[in-house]
$ cat target-v8.pdb   # PDB, C-alpha atoms and all ligand atoms
ATOM      1  CA  MET A   1     -46.451 -53.248 -95.274
ATOM      2  CA  ILE A   2     -47.353 -49.579 -94.878
ATOM      3  CA  ASN A   3     -50.927 -48.676 -95.804
ATOM      4  CA  TYR A   4     -50.878 -45.423 -97.764
ATOM      5  CA  SER A   5     -54.666 -45.319 -98.354
ATOM      6  CA  VAL A   6     -56.400 -42.080 -97.431
ATOM      7  CA  ASP A   7     -59.816 -42.070 -95.738
ATOM      8  CA  LYS A   8     -62.531 -40.805 -98.044
ATOM      9  CA  TYR A   9     -65.716 -38.872 -97.265
ATOM     10  CA  TYR A  10     -68.547 -37.510 -99.402
ATOM     11  CA  VAL A  11     -71.469 -35.122 -99.229
ATOM     12  CA  ILE A  12     -74.364 -36.434-101.299
ATOM     13  CA  GLY A  13     -77.483 -34.609-102.437
ATOM     14  CA  ASN A  14     -79.422 -33.372-105.451
ATOM     15  CA  PRO A  15     -78.519 -30.683-106.410
ATOM     16  CA  ILE A  16     -75.034 -30.683-104.912
ATOM     17  CA  ALA A  17     -72.814 -28.366-106.993
ATOM     18  CA  HIS A  18     -73.535 -25.448-104.626
ATOM     19  CA  SER A  19     -72.453 -27.316-101.474
ATOM     20  CA  LEU A  20     -69.696 -25.636 -99.474
ATOM     21  CA  SER A  21     -69.032 -28.814 -97.459
ATOM     22  CA  PRO A  22     -65.925 -29.957 -99.419
ATOM     23  CA  GLU A  23     -64.267 -26.561 -98.902
ATOM     24  CA  ILE A  24     -65.147 -26.690 -95.206
ATOM     25  CA  HIS A  25     -64.044 -30.269 -94.483
ATOM     26  CA  ASN A  26     -60.842 -30.013 -96.507
ATOM     27  CA  GLU A  27     -59.982 -26.894 -94.496
ATOM     28  CA  PHE A  28     -60.815 -28.724 -91.239
ATOM     29  CA  ALA A  29     -58.503 -31.564 -92.329
ATOM     30  CA  ARG A  30     -55.695 -29.114 -93.079
ATOM     31  CA  GLN A  31     -56.239 -27.337 -89.756
ATOM     32  CA  THR A  32     -56.183 -30.542 -87.703
ATOM     33  CA  GLY A  33     -53.506 -32.350 -89.729
ATOM     34  CA  GLN A  34     -55.857 -35.175 -90.738
ATOM     35  CA  LEU A  35     -55.169 -37.099 -93.930
ATOM     36  CA  LEU A  36     -58.460 -37.455 -95.808
ATOM     37  CA  THR A  37     -60.385 -36.513 -98.939
ATOM     38  CA  TYR A  38     -63.892 -35.052 -98.991
ATOM     39  CA  GLU A  39     -65.874 -34.616-102.204
ATOM     40  CA  ARG A  40     -69.396 -33.840-103.373
ATOM     41  CA  LEU A  41     -71.463 -36.419-105.243
ATOM     42  CA  LEU A  42     -74.654 -35.780-107.191
ATOM     43  CA  VAL A  43     -77.086 -38.648-106.539
ATOM     44  CA  PRO A  44     -80.038 -39.279-108.903
ATOM     45  CA  LEU A  45     -83.314 -38.837-107.013
ATOM     46  CA  ASP A  46     -84.149 -42.573-107.189
ATOM     47  CA  SER A  47     -80.666 -43.857-106.327
ATOM     48  CA  PHE A  48     -80.019 -43.005-102.680
ATOM     49  CA  ALA A  49     -79.775 -46.592-101.350
ATOM     50  CA  SER A  50     -77.787 -47.976-104.294
ATOM     51  CA  THR A  51     -75.322 -45.061-104.080
ATOM     52  CA  VAL A  52     -74.771 -45.521-100.351
ATOM     53  CA  LYS A  53     -74.193 -49.271-100.907
ATOM     54  CA  LYS A  54     -71.690 -48.519-103.654
ATOM     55  CA  LEU A  55     -69.867 -46.013-101.446
ATOM     56  CA  HIS A  56     -69.604 -48.609 -98.708
ATOM     57  CA  HIS A  57     -68.065 -51.118-101.127
ATOM     58  CA  GLU A  58     -65.530 -48.466-102.086
ATOM     59  CA  GLY A  59     -64.501 -48.231 -98.426
ATOM     60  CA  ILE A  60     -65.923 -44.751 -97.748
ATOM     61  CA  LYS A  61     -65.698 -43.908 -94.034
ATOM     62  CA  GLY A  62     -68.410 -41.299 -93.691
ATOM     63  CA  ILE A  63     -71.069 -39.416 -95.658
ATOM     64  CA  ASN A  64     -72.882 -36.130 -95.186
ATOM     65  CA  ILE A  65     -76.410 -36.182 -96.507
ATOM     66  CA  THR A  66     -78.224 -33.107 -97.714
ATOM     67  CA  LEU A  67     -81.534 -32.325 -99.434
ATOM     68  CA  PRO A  68     -83.605 -34.176-100.435
ATOM     69  CA  PHE A  69     -82.201 -37.346 -98.838
ATOM     70  CA  LYS A  70     -82.156 -36.612 -95.075
ATOM     71  CA  GLN A  71     -85.341 -38.603 -94.384
ATOM     72  CA  GLN A  72     -84.223 -41.500 -96.582
ATOM     73  CA  ALA A  73     -80.932 -41.532 -94.666
ATOM     74  CA  PHE A  74     -82.951 -41.744 -91.458
ATOM     75  CA  GLN A  75     -84.857 -44.793 -92.782
ATOM     76  CA  TYR A  76     -81.659 -46.391 -94.061
ATOM     77  CA  SER A  77     -79.664 -46.071 -90.819
ATOM     78  CA  SER A  78     -78.925 -49.303 -88.964
ATOM     79  CA  GLN A  79     -78.433 -47.302 -85.745
ATOM     80  CA  LEU A  80     -79.568 -43.792 -84.849
ATOM     81  CA  SER A  81     -78.197 -41.274 -82.366
ATOM     82  CA  GLU A  82     -80.725 -39.790 -79.949
ATOM     83  CA  ARG A  83     -80.623 -36.428 -81.714
ATOM     84  CA  ALA A  84     -81.260 -38.071 -85.111
ATOM     85  CA  GLN A  85     -84.216 -39.938 -83.619
ATOM     86  CA  VAL A  86     -85.670 -36.721 -82.232
ATOM     87  CA  ALA A  87     -85.001 -34.770 -85.449
ATOM     88  CA  GLY A  88     -86.438 -37.571 -87.620
ATOM     89  CA  SER A  89     -83.681 -37.018 -90.160
ATOM     90  CA  VAL A  90     -80.017 -37.811 -90.663
ATOM     91  CA  ASN A  91     -77.289 -35.585 -92.100
ATOM     92  CA  THR A  92     -74.216 -37.635 -91.077
ATOM     93  CA  PHE A  93     -73.390 -41.294 -91.653
ATOM     94  CA  ILE A  94     -70.483 -43.160 -90.120
ATOM     95  CA  TYR A  95     -69.908 -46.806 -90.965
ATOM     96  CA  HIS A  96     -70.028 -48.752 -87.751
ATOM     97  CA  ASN A  97     -70.715 -52.382 -86.749
ATOM     98  CA  LYS A  98     -71.577 -53.503 -90.283
ATOM     99  CA  GLY A  99     -74.028 -50.695 -90.977
ATOM    100  CA  TRP A 100     -74.443 -46.960 -91.446
ATOM    101  CA  SER A 101     -74.974 -45.219 -88.157
ATOM    102  CA  GLY A 102     -77.038 -42.023 -88.562
ATOM    103  CA  ASP A 103     -76.648 -38.765 -86.669
ATOM    104  CA  ASN A 104     -78.020 -35.255 -87.038
ATOM    105  CA  THR A 105     -75.670 -32.366 -86.263
ATOM    106  CA  ASP A 106     -77.886 -29.441 -87.408
ATOM    107  CA  GLY A 107     -79.318 -28.622 -83.964
ATOM    108  CA  GLU A 108     -75.916 -28.813 -82.315
ATOM    109  CA  GLY A 109     -74.588 -26.530 -85.073
ATOM    110  CA  LEU A 110     -77.201 -23.851 -84.412
ATOM    111  CA  ILE A 111     -76.764 -23.957 -80.641
ATOM    112  CA  HIS A 112     -72.996 -23.817 -80.922
ATOM    113  CA  ASP A 113     -73.144 -20.865 -83.282
ATOM    114  CA  LEU A 114     -75.706 -18.936 -81.204
ATOM    115  CA  ILE A 115     -74.297 -19.566 -77.763
ATOM    116  CA  HIS A 116     -70.569 -20.136 -78.123
ATOM    117  CA  HIS A 117     -69.755 -18.120 -81.193
ATOM    118  CA  LEU A 118     -72.317 -15.281 -81.134
ATOM    119  CA  LYS A 119     -72.503 -15.317 -77.298
ATOM    120  CA  TRP A 120     -76.292 -15.185 -77.273
ATOM    121  CA  SER A 121     -77.844 -16.878 -74.232
ATOM    122  CA  LEU A 122     -81.212 -18.550 -74.759
ATOM    123  CA  GLU A 123     -82.117 -19.134 -71.131
ATOM    124  CA  LYS A 124     -85.421 -17.468 -70.161
ATOM    125  CA  LYS A 125     -85.653 -15.920 -73.637
ATOM    126  CA  SER A 126     -88.761 -15.837 -75.726
ATOM    127  CA  ILE A 127     -88.155 -17.467 -79.105
ATOM    128  CA  LEU A 128     -90.174 -17.400 -82.324
ATOM    129  CA  ILE A 129     -89.416 -20.019 -84.973
ATOM    130  CA  ILE A 130     -90.750 -19.405 -88.468
ATOM    131  CA  GLY A 131     -91.192 -22.661 -90.400
ATOM    132  CA  ALA A 132     -92.116 -26.228 -89.575
ATOM    133  CA  GLY A 133     -90.039 -28.277 -92.016
ATOM    134  CA  GLY A 134     -87.059 -30.572 -91.504
ATOM    135  CA  ALA A 135     -84.714 -27.853 -90.257
ATOM    136  CA  ALA A 136     -87.238 -26.627 -87.661
ATOM    137  CA  ARG A 137     -87.678 -30.200 -86.421
ATOM    138  CA  GLY A 138     -83.912 -30.614 -86.082
ATOM    139  CA  ILE A 139     -83.400 -27.491 -83.953
ATOM    140  CA  LEU A 140     -86.417 -27.719 -81.624
ATOM    141  CA  LYS A 141     -85.094 -30.011 -78.912
ATOM    142  CA  PRO A 142     -81.628 -28.409 -78.722
ATOM    143  CA  LEU A 143     -83.369 -25.022 -78.351
ATOM    144  CA  LEU A 144     -85.765 -26.306 -75.676
ATOM    145  CA  ASP A 145     -82.790 -27.831 -73.823
ATOM    146  CA  GLN A 146     -81.528 -24.253 -73.318
ATOM    147  CA  LYS A 147     -84.594 -23.532 -71.138
ATOM    148  CA  PRO A 148     -86.133 -20.592 -72.973
ATOM    149  CA  GLN A 149     -89.067 -18.883 -71.288
ATOM    150  CA  ARG A 150     -91.287 -19.861 -74.232
ATOM    151  CA  LEU A 151     -90.920 -21.107 -77.770
ATOM    152  CA  THR A 152     -93.540 -20.343 -80.421
ATOM    153  CA  ILE A 153     -93.729 -21.925 -83.862
ATOM    154  CA  ALA A 154     -95.356 -19.981 -86.697
ATOM    155  CA  ASN A 155     -95.727 -21.591 -90.091
ATOM    156  CA  ARG A 156     -97.420 -20.720 -93.367
ATOM    157  CA  SER A 157     -99.409 -23.960 -93.023
ATOM    158  CA  VAL A 158    -100.638 -23.628 -89.434
ATOM    159  CA  GLU A 159    -101.672 -27.267 -89.069
ATOM    160  CA  LYS A 160     -98.123 -28.425 -89.824
ATOM    161  CA  ALA A 161     -96.808 -26.184 -87.022
ATOM    162  CA  ARG A 162     -99.396 -27.609 -84.623
ATOM    163  CA  LEU A 163     -98.415 -31.206 -85.428
ATOM    164  CA  LEU A 164     -94.731 -30.377 -85.039
ATOM    165  CA  ALA A 165     -95.273 -28.667 -81.678
ATOM    166  CA  GLU A 166     -97.274 -31.680 -80.475
ATOM    167  CA  ASP A 167     -94.276 -33.963 -81.047
ATOM    168  CA  PHE A 168     -92.088 -31.790 -78.791
ATOM    169  CA  LEU A 169     -94.444 -30.979 -75.927
ATOM    170  CA  SER A 170     -92.603 -33.316 -73.586
ATOM    171  CA  TYR A 171     -89.324 -31.396 -74.032
ATOM    172  CA  GLY A 172     -90.459 -27.943 -72.901
ATOM    173  CA  LYS A 173     -92.822 -25.021 -73.186
ATOM    174  CA  ILE A 174     -93.868 -24.842 -76.805
ATOM    175  CA  THR A 175     -96.867 -23.165 -78.462
ATOM    176  CA  THR A 176     -98.161 -22.669 -81.984
ATOM    177  CA  HIS A 177     -99.128 -19.345 -83.527
ATOM    178  CA  GLN A 178    -102.626 -19.958 -84.869
ATOM    179  CA  GLY A 179    -102.785 -17.283 -87.575
ATOM    180  CA  SER A 180    -100.954 -15.685 -90.460
ATOM    181  CA  PHE A 181     -97.516 -14.114 -89.983
ATOM    182  CA  ALA A 182     -99.163 -10.656 -90.130
ATOM    183  CA  GLU A 183    -101.204 -11.685 -87.105
ATOM    184  CA  LEU A 184     -98.050 -11.846 -84.979
ATOM    185  CA  GLU A 185     -98.618  -8.080 -84.637
ATOM    186  CA  GLY A 186     -98.395  -7.004 -81.005
ATOM    187  CA  GLN A 187     -96.314  -9.981 -79.815
ATOM    188  CA  CYS A 188     -92.789  -9.607 -78.451
ATOM    189  CA  PHE A 189     -89.834 -12.013 -78.818
ATOM    190  CA  ASP A 190     -86.140 -11.864 -77.905
ATOM    191  CA  LEU A 191     -85.055 -14.084 -80.769
ATOM    192  CA  ILE A 192     -86.647 -14.811 -84.152
ATOM    193  CA  ILE A 193     -85.232 -17.767 -86.081
ATOM    194  CA  ASN A 194     -86.192 -18.084 -89.715
ATOM    195  CA  ALA A 195     -86.272 -21.832 -90.341
ATOM    196  CA  SER A 196     -88.473 -21.468 -93.420
ATOM    197  CA  SER A 197     -87.009 -21.704 -96.893
ATOM    198  CA  ALA A 198     -88.562 -18.383 -97.964
ATOM    199  CA  SER A 199     -85.122 -16.737 -98.108
ATOM    200  CA  LEU A 200     -83.975 -19.265-100.705
ATOM    201  CA  GLN A 201     -86.610 -17.885-103.093
ATOM    202  CA  ASN A 202     -85.891 -14.342-101.866
ATOM    203  CA  GLU A 203     -89.512 -14.154-100.693
ATOM    204  CA  SER A 204     -90.776 -11.833 -98.001
ATOM    205  CA  LEU A 205     -92.511 -13.488 -95.048
ATOM    206  CA  GLY A 206     -94.794 -10.516 -94.456
ATOM    207  CA  LEU A 207     -93.874 -10.260 -90.773
ATOM    208  CA  PRO A 208     -95.133  -7.147 -88.953
ATOM    209  CA  ARG A 209     -92.558  -4.410 -88.316
ATOM    210  CA  SER A 210     -93.767  -4.194 -84.714
ATOM    211  CA  LEU A 211     -91.805  -7.397 -83.920
ATOM    212  CA  ILE A 212     -88.549  -5.475 -84.308
ATOM    213  CA  HIS A 213     -87.125  -3.780 -81.216
ATOM    214  CA  PRO A 214     -83.571  -2.739 -80.265
ATOM    215  CA  ASP A 215     -82.786  -5.914 -78.288
ATOM    216  CA  LEU A 216     -84.162  -8.367 -80.833
ATOM    217  CA  PHE A 217     -81.847 -10.995 -82.363
ATOM    218  CA  CYS A 218     -82.732 -12.302 -85.834
ATOM    219  CA  TYR A 219     -81.131 -15.498 -87.116
ATOM    220  CA  ASP A 220     -81.741 -16.892 -90.605
ATOM    221  CA  LEU A 221     -80.873 -20.551 -91.082
ATOM    222  CA  ALA A 222     -80.412 -19.781 -94.775
ATOM    223  CA  TYR A 223     -77.273 -17.976 -95.869
ATOM    224  CA  SER A 224     -76.510 -15.929 -98.877
ATOM    225  CA  SER A 225     -73.733 -13.941-100.504
ATOM    226  CA  THR A 226     -76.026 -10.938-100.069
ATOM    227  CA  ASN A 227     -78.288 -10.352 -97.052
ATOM    228  CA  THR A 228     -81.207 -12.802 -97.014
ATOM    229  CA  SER A 229     -84.713 -11.342 -97.444
ATOM    230  CA  PHE A 230     -85.464 -12.081 -93.768
ATOM    231  CA  LEU A 231     -82.357 -10.252 -92.553
ATOM    232  CA  GLN A 232     -83.116  -7.371 -94.929
ATOM    233  CA  TRP A 233     -86.544  -7.094 -93.265
ATOM    234  CA  ALA A 234     -84.935  -7.126 -89.805
ATOM    235  CA  GLN A 235     -82.260  -4.565 -90.617
ATOM    236  CA  SER A 236     -84.582  -2.224 -92.467
ATOM    237  CA  GLY A 237     -86.685  -2.098 -89.281
ATOM    238  CA  GLY A 238     -83.647  -1.219 -87.148
ATOM    239  CA  CYS A 239     -82.609  -4.662 -85.845
ATOM    240  CA  ARG A 240     -78.921  -4.493 -84.895
ATOM    241  CA  ASN A 241     -78.322  -8.140 -84.034
ATOM    242  CA  CYS A 242     -78.532 -10.342 -87.113
ATOM    243  CA  ALA A 243     -76.807 -13.492 -88.324
ATOM    244  CA  ASP A 244     -77.270 -15.882 -91.217
ATOM    245  CA  GLY A 245     -76.795 -19.655 -91.162
ATOM    246  CA  LEU A 246     -73.224 -19.819 -92.444
ATOM    247  CA  GLY A 247     -71.943 -20.148 -88.869
ATOM    248  CA  MET A 248     -74.450 -22.946 -88.251
ATOM    249  CA  LEU A 249     -73.325 -24.701 -91.434
ATOM    250  CA  LEU A 250     -69.725 -24.596 -90.229
ATOM    251  CA  ALA A 251     -70.594 -25.653 -86.689
ATOM    252  CA  GLN A 252     -72.681 -28.642 -87.830
ATOM    253  CA  ALA A 253     -69.823 -29.621 -90.166
ATOM    254  CA  ALA A 254     -67.352 -29.377 -87.267
ATOM    255  CA  GLU A 255     -69.568 -31.745 -85.279
ATOM    256  CA  ALA A 256     -69.708 -34.232 -88.194
ATOM    257  CA  PHE A 257     -65.909 -33.993 -88.491
ATOM    258  CA  PHE A 258     -65.660 -34.770 -84.789
ATOM    259  CA  ILE A 259     -67.899 -37.846 -85.184
ATOM    260  CA  TRP A 260     -65.603 -39.175 -87.898
ATOM    261  CA  ARG A 261     -62.156 -38.100 -86.709
ATOM    262  CA  LYS A 262     -62.612 -37.634 -82.931
ATOM    263  CA  ILE A 263     -61.017 -34.205 -83.164
ATOM    264  CA  LYS A 264     -62.938 -30.919 -83.129
ATOM    265  CA  PRO A 265     -61.806 -28.284 -85.621
ATOM    266  CA  ASP A 266     -62.061 -24.585 -84.780
ATOM    267  CA  TYR A 267     -64.676 -23.444 -87.293
ATOM    268  CA  ALA A 268     -64.732 -19.779 -86.232
ATOM    269  CA  THR A 269     -61.246 -19.212 -87.631
ATOM    270  CA  ILE A 270     -62.351 -20.160 -91.148
ATOM    271  CA  LEU A 271     -65.729 -18.382 -91.068
ATOM    272  CA  THR A 272     -64.351 -15.057 -92.320
ATOM    273  CA  GLN A 273     -62.374 -16.632 -95.146
ATOM    274  CA  LEU A 274     -65.283 -18.820 -96.205
ATOM    275  CA  ARG A 275     -67.608 -15.826 -96.253
ATOM    276  CA  LEU A 276     -65.172 -13.914 -98.452
ATOM    277  CA  ASN A 277     -64.919 -16.825-100.904
ATOM    278  CA  PHE A 278     -68.670 -17.179-100.794
ATOM    279  CA  TYR A 279     -69.252 -13.482-101.538
ATOM    280  CA  ARG A 280     -67.000 -13.825-104.533
ATOM    281  CA  LYS A 281     -69.174 -16.645-105.888
ATOM    282  CA  LYS A 282     -72.309 -14.514-105.388
ATOM    283  CA  THR A 283     -74.710 -17.408-105.028
ATOM    284  CA  LEU A 284     -77.735 -18.051-102.900
ATOM    285  CA  THR A 285     -77.513 -21.546-101.556
ATOM    286  CA  ASN A 286     -78.882 -24.428 -99.595
ATOM    287  CA  PRO A 287     -76.686 -26.625 -97.363
TER     288      PRO A 287
HETATM  289  P1  LIG B   1     -88.344 -27.843 -95.726
HETATM  290  O1  LIG B   1     -88.647 -27.884 -97.181
HETATM  291  O2  LIG B   1     -88.374 -29.073 -94.928
HETATM  292  O3  LIG B   1     -89.363 -26.799 -95.019
HETATM  293  C1  LIG B   1     -89.593 -25.548 -95.584
HETATM  294  C2  LIG B   1     -90.384 -24.680 -94.603
HETATM  295  O4  LIG B   1     -90.392 -23.350 -95.133
HETATM  296  C3  LIG B   1     -91.843 -25.086 -94.411
HETATM  297  O5  LIG B   1     -92.220 -24.803 -93.097
HETATM  298  C4  LIG B   1     -92.563 -24.160 -95.409
HETATM  299  O6  LIG B   1     -93.893 -23.866 -95.021
HETATM  300  C5  LIG B   1     -91.739 -22.915 -95.274
HETATM  301  N1  LIG B   1     -91.797 -22.034 -96.454
HETATM  302  C6  LIG B   1     -91.301 -22.283 -97.691
HETATM  303  N2  LIG B   1     -91.509 -21.211 -98.493
HETATM  304  C7  LIG B   1     -92.138 -20.283 -97.731
HETATM  305  C8  LIG B   1     -92.615 -18.978 -97.988
HETATM  306  N3  LIG B   1     -92.502 -18.409 -99.184
HETATM  307  N4  LIG B   1     -93.208 -18.301 -96.982
HETATM  308  C9  LIG B   1     -93.339 -18.857 -95.768
HETATM  309  N5  LIG B   1     -92.915 -20.099 -95.460
HETATM  310  C10 LIG B   1     -92.318 -20.807 -96.428
HETATM  311  O7  LIG B   1     -86.917 -27.102 -95.659
HETATM  312  P2  LIG B   1     -85.851 -27.233 -94.472
HETATM  313  O8  LIG B   1     -86.609 -27.175 -93.195
HETATM  314  O9  LIG B   1     -84.959 -28.382 -94.710
HETATM  315  O10 LIG B   1     -84.955 -25.913 -94.668
HETATM  316  C11 LIG B   1     -85.406 -24.646 -94.219
HETATM  317  C12 LIG B   1     -84.280 -23.620 -94.334
HETATM  318  O11 LIG B   1     -83.224 -23.940 -93.431
HETATM  319  C13 LIG B   1     -83.664 -23.531 -95.709
HETATM  320  O12 LIG B   1     -83.430 -22.176 -96.011
HETATM  321  C14 LIG B   1     -82.342 -24.259 -95.548
HETATM  322  O13 LIG B   1     -81.363 -23.782 -96.444
HETATM  323  C15 LIG B   1     -81.985 -23.879 -94.116
HETATM  324  N6  LIG B   1     -81.037 -24.811 -93.465
HETATM  325  C16 LIG B   1     -79.821 -24.318 -93.062
HETATM  326  C17 LIG B   1     -78.906 -25.135 -92.426
HETATM  327  C18 LIG B   1     -77.578 -24.575 -92.034
HETATM  328  O14 LIG B   1     -76.672 -25.355 -91.669
HETATM  329  N7  LIG B   1     -77.404 -23.281 -92.045
HETATM  330  C19 LIG B   1     -79.197 -26.555 -92.151
HETATM  331  C20 LIG B   1     -80.524 -26.982 -92.607
HETATM  332  C21 LIG B   1     -81.393 -26.124 -93.234
HETATM  333  P3  LIG B   1     -95.131 -24.835 -95.420
HETATM  334  O15 LIG B   1     -95.140 -25.920 -94.389
HETATM  335  O16 LIG B   1     -96.292 -23.941 -95.349
HETATM  336  O17 LIG B   1     -94.846 -25.344 -96.800
END

$ encode --input "target-v8.pdb" --output "structure tokens" --more "lines below"
Ligand code: NDP
Amino acid sequence: MINYSVDKYYVIGNPIAHSLSPEIHNEFARQTGQLLTYERLLVPLDSFASTVKKLHHEGIKGINITLPFKQQAFQYSSQLSERAQVAGSVNTFIYHNKGWSGDNTDGEGLIHDLIHHLKWSLEKKSILIIGAGGAARGILKPLLDQKPQRLTIANRSVEKARLLAEDFLSYGKITTHQGSFAELEGQCFDLIINASSASLQNESLGLPRSLIHPDLFCYDLAYSSTNTSFLQWAQSGGCRNCADGLGMLLAQAAEAFFIWRKIKPDYATILTQLRLNFYRKKTLTNP
């Protein structure tokens, strides 16, 4: 008997209506000739575990997990990849050996976008990361693996940055900025990554203009149908090299797709089209 069933995947979160993941994965499936469905599912805040159980009983092959469930997914995983262990959060589940195996593709997504797509080498560069939340934690080791000259974390709550840096000391040269963002005055970096969620509220970080120089690269993990507030700051000061996190979103999705289907889609070819669709929707969003 021929089995006509189609493999099913979901992205789960709360809220979830804004998620671009179904558009991305369905395009990946079309591009690679894979037969599958991928949908978004809104999960009540207290129902993560029961929803994942239900999805397993329905025969779902894989799940992407977004805010606010990435830490719960980490706790729930029966096995963890090394990068999920280091990140302390999970954004991709694959059902494996009678349990959900957890991975985290965010760091890989950023590195792929920066190095392979934007052709920006990180070796011997001086990097400033703004923010010390889940996204910052997920990108730290992949960034340190690229052997930057130094990596500094600056966060609104300084103590949180210090604790985060402490966890990663064994992976490379990492320091904490001990003051306000304004007190970064006089320092010089090659790359500034905004891993704070300030752009989502369209809030200014209050960074000093003196950080901007002609060779600076500014990367905002957030993405928006208009320029994010961080990239507006960079460009208004004359920064010529700027990117938002849409490429990272696509690259981390491509990695999740690879985990599930063992085939790597070419995300760069759909970046332009996705951005056009996204501009039409005119929304500010969260992955
Ligand atoms: P968290 O809630 O875990 O952390 C938020 C961080 O932002 C904290 O360090 C917080 O500082 C800081 N912050 C929030 N508001 C402000 C503000 N007004 N001024 C200064 N700092 C602020 O969020 P995540 O780490 O999960 O997400 C961070 C960003 O990364 C979001 O924009 C998210 O959309 C983006 N992201 C993008 C991905 C992609 O694929 N492109 C993937 C994952 C995340 P404090 O500690 O002081 O509260």

$ resolve_selection --input "target-v8.pdb" --expression "the PyMOL selection byres (((not hetatm)) within 9 of (chain B and resi 1))" --output "ChimeraX atom specification"
/A:66-68,70,105-107,109-110,130-138,154-161,181,194-206,220-223,244-253,285-287

$ atom_distance --input "target-v8.pdb" --atom1 "atom CA of Asp266 of chain A" --atom2 "atom CA of Glu27 of chain A"
10.2 Å

$ closest_residue --input "target-v8.pdb" --among "A:Glu166, A:Ala256, A:Gly59, A:Asp46" --to "Val11 of chain A" --atoms "only C-alpha atoms"
A:Ala256

$ residues_near_point --input "target-v8.pdb" --point "(-84.7, -41.5, -87.8)" --cutoff "6 Å" --atoms "only C-alpha atoms" --output "short mmCIF file (atom, residue, chain, number, x, y, z; two decimals) with C-alpha atoms, in the coordinates of the input"
data_model
loop_
_atom_site.label_atom_id
_atom_site.label_comp_id
_atom_site.auth_asym_id
_atom_site.auth_seq_id
_atom_site.Cartn_x
_atom_site.Cartn_y
_atom_site.Cartn_z
CA PHE A 74 -82.95 -41.74 -91.46
CA GLN A 75 -84.86 -44.79 -92.78
CA ALA A 84 -81.26 -38.07 -85.11
CA GLN A 85 -84.22 -39.94 -83.62
CA GLY A 88 -86.44 -37.57 -87.62
CA SER A 89 -83.68 -37.02 -90.16
#

$ resolve_selection --input "target-v8.pdb" --expression "the PyMOL selection byres (((chain A and resi 55) around 12) and not hetatm)" --output "PDB file with C-alpha atoms, in the coordinates of the input"
ATOM      1  CA  LYS A   8     -62.531 -40.805 -98.044  1.00  0.00           C
ATOM      2  CA  TYR A   9     -65.716 -38.872 -97.265  1.00  0.00           C
ATOM      3  CA  TYR A  10     -68.547 -37.510 -99.402  1.00  0.00           C
ATOM      4  CA  VAL A  11     -71.469 -35.122 -99.229  1.00  0.00           C
ATOM      5  CA  ILE A  12     -74.364 -36.434-101.299  1.00  0.00           C
ATOM      6  CA  LEU A  41     -71.463 -36.419-105.243  1.00  0.00           C
ATOM      7  CA  VAL A  43     -77.086 -38.648-106.539  1.00  0.00           C
ATOM      8  CA  PHE A  48     -80.019 -43.005-102.680  1.00  0.00           C
ATOM      9  CA  ALA A  49     -79.775 -46.592-101.350  1.00  0.00           C
ATOM     10  CA  SER A  50     -77.787 -47.976-104.294  1.00  0.00           C
ATOM     11  CA  THR A  51     -75.322 -45.061-104.080  1.00  0.00           C
ATOM     12  CA  VAL A  52     -74.771 -45.521-100.351  1.00  0.00           C
ATOM     13  CA  LYS A  53     -74.193 -49.271-100.907  1.00  0.00           C
ATOM     14  CA  LYS A  54     -71.690 -48.519-103.654  1.00  0.00           C
ATOM     15  CA  HIS A  56     -69.604 -48.609 -98.708  1.00  0.00           C
ATOM     16  CA  HIS A  57     -68.065 -51.118-101.127  1.00  0.00           C
ATOM     17  CA  GLU A  58     -65.530 -48.466-102.086  1.00  0.00           C
ATOM     18  CA  GLY A  59     -64.501 -48.231 -98.426  1.00  0.00           C
ATOM     19  CA  ILE A  60     -65.923 -44.751 -97.748  1.00  0.00           C
ATOM     20  CA  LYS A  61     -65.698 -43.908 -94.034  1.00  0.00           C
ATOM     21  CA  GLY A  62     -68.410 -41.299 -93.691  1.00  0.00           C
ATOM     22  CA  ILE A  63     -71.069 -39.416 -95.658  1.00  0.00           C
ATOM     23  CA  PHE A  93     -73.390 -41.294 -91.653  1.00  0.00           C
ATOM     24  CA  ILE A  94     -70.483 -43.160 -90.120  1.00  0.00           C
ATOM     25  CA  TYR A  95     -69.908 -46.806 -90.965  1.00  0.00           C
ATOM     26  CA  TRP A 100     -74.443 -46.960 -91.446  1.00  0.00           C
TER      27      TRP A 100
END

$ atom_distance --input "target-v8.pdb" --atom1 "atom CA of Gln178 of chain A" --atom2 "atom CA of Glu123 of chain A"
24.7 Å

$ axis_aligned_box --input "target-v8.pdb" --around "segment 26-43 of chain A" --padding-each-side "4 Å" --output "AutoDock Vina command-line options"
--center_x -65.3 --center_y -32.8 --center_z -97.4 --size_x 31.6 --size_y 19.8 --size_z 27.5

$ atom_distance --input "target-v8.pdb" --atom1 "atom CA of Phe69 of chain A" --atom2 "atom CA of Pro265 of chain A"
25.9 Å

$ residues_near_point --input "target-v8.pdb" --point "(-80.0, -10.5, -96.9)" --cutoff "10 Å" --atoms "all atoms listed in the file" --output "list in words"
Ser199, Asn202, Asp220, Ala222, Tyr223, Ser224, Ser225, Thr226, Asn227, Thr228, Ser229, Phe230, Leu231, Gln232, Trp233, Ala234, Gln235, Cys242, Ala243, Asp244 and Leu284 of chain A

$ residues_around --input "target-v8.pdb" --residues "Lys173 of chain A" --least-positions-apart "5" --cutoff "9 Å" --atoms "only C-alpha atoms" --output "JSON list (two decimals) with C-alpha atoms, in the coordinates of the input"
[["chain", "number", "residue", "atom", "x", "y", "z"],
["A", 144, "LEU", "CA", -85.76, -26.31, -75.68],
["A", 147, "LYS", "CA", -84.59, -23.53, -71.14],
["A", 148, "PRO", "CA", -86.13, -20.59, -72.97],
["A", 149, "GLN", "CA", -89.07, -18.88, -71.29],
["A", 150, "ARG", "CA", -91.29, -19.86, -74.23],
["A", 151, "LEU", "CA", -90.92, -21.11, -77.77],
["A", 152, "THR", "CA", -93.54, -20.34, -80.42],
["A", 168, "PHE", "CA", -92.09, -31.79, -78.79]]
